[in-house]
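K.L.:
Supplied in structure tokens, the structure appears directly below.
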Amino acid sequence: MDDLDTTIATADHAYRQTAFAHAQTADRLVFLLATRIARNIHRVAAFRDATEVGVDSDHQLDVVCTLTDVLAERNGDPGFEQVAAQIRGDLLRIAETGHFHADNRLLQLPRTPTARRR
């Protein structure tokens with residue numbers, strides 16, 4: 001190997017390590033943001049059973065659902081719109097990580113501790 005090949009091999013190795021670390025960091029960030037989104041979603045009594053949310057092409061909250069049911073869709077409902085406003089920044093940040101794709105705009109919600117019922 002000449003100097004150029006060695007330099008390329010070194011750069012390639014560094015790139016792979018950095019790309020792997022970046023992917024791990026992005027996954028962790030998405031998980032943490034999804035956990036905060038889940039906390040906000042589950043605070044709404046009607047959404048306590050939600051397991052995922054869907055976003056539109058602008059990464060705004062579009063639907064709140066379980067694995068089998070749609071709990072709410074964007075339709076001007078004040079409760080839905082309030083939650084959508086609360087999580088808007090988190091959805092945009094998740095979008096920046098590349099998590100959402102044209103054919104997959106769902107975000108699974110991590111389980112969060114159940115809110116105490118009064």
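To be explicit about the labels: the chains of the structure tokens are called A, B, and onward in the order shown, and within each one the residues are counted from 1, while ligands get numbers from 1 in the order they are shown.
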Any idea what's packed within 12 Å of stretch 65-73 of chain A, counting only C-alpha atoms, ignoring anything in its chain fewer than 6 positions away? Could you give it as a list in words?

P.N.:
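Result of the neighbour search: Ala38, Ile41, His42, Val44, Ala45, Ala46, Phe47, Arg48, Asp49, Ala50, Thr51, Glu52, Val53, Gly54, Val55, Asp56, Gly79, Phe80, Glu81, Val83, Ala84, Leu106, Leu107, Gln108 and Leu109 of chain A.
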
K.L.:
I need the helix (DSSP H, G or I) residues of stretch 32-93 of chain A per DSSP on the backbone, written as a PyMOL selection string.

P.N.:
chain A and resi 32-42+45-47+78-93

K.L.:
DSSP on the backbone, then: every residue of chain A marked strand (DSSP E), written as a PyMOL selection string.

P.N.:
chain A and resi 52-55+61-65+70-73+106-108

K.L.:
Next, the residues of the selection above should be written as a PDB file, in the first residue's frame with C-alpha atoms.

P.N.:
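And here's out_38.pdb as it stands now:
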```pdb
ATOM      1  CA  GLU A  52     -48.016   5.136  18.323  1.00  0.00           C
ATOM      2  CA  VAL A  53     -48.551   8.435  16.584  1.00  0.00           C
ATOM      3  CA  GLY A  54     -48.557   9.303  12.918  1.00  0.00           C
ATOM      4  CA  VAL A  55     -47.256  12.492  11.385  1.00  0.00           C
ATOM      5  CA  LEU A  61     -49.168  15.221  14.589  1.00  0.00           C
ATOM      6  CA  ASP A  62     -51.768  13.638  12.344  1.00  0.00           C
ATOM      7  CA  VAL A  63     -53.125  10.649  14.267  1.00  0.00           C
ATOM      8  CA  VAL A  64     -52.938   9.024  17.710  1.00  0.00           C
ATOM      9  CA  CYS A  65     -53.583   5.296  17.714  1.00  0.00           C
ATOM     10  CA  VAL A  70     -57.404   5.162  15.838  1.00  0.00           C
ATOM     11  CA  LEU A  71     -57.937   7.175  19.011  1.00  0.00           C
ATOM     12  CA  ALA A  72     -57.899  10.612  17.403  1.00  0.00           C
ATOM     13  CA  GLU A  73     -57.150  12.345  14.141  1.00  0.00           C
ATOM     14  CA  LEU A 106     -45.292   6.368  12.413  1.00  0.00           C
ATOM     15  CA  LEU A 107     -43.543   6.727  15.732  1.00  0.00           C
ATOM     16  CA  GLN A 108     -43.955   3.941  18.248  1.00  0.00           C
TER      17      GLN A 108
END
```
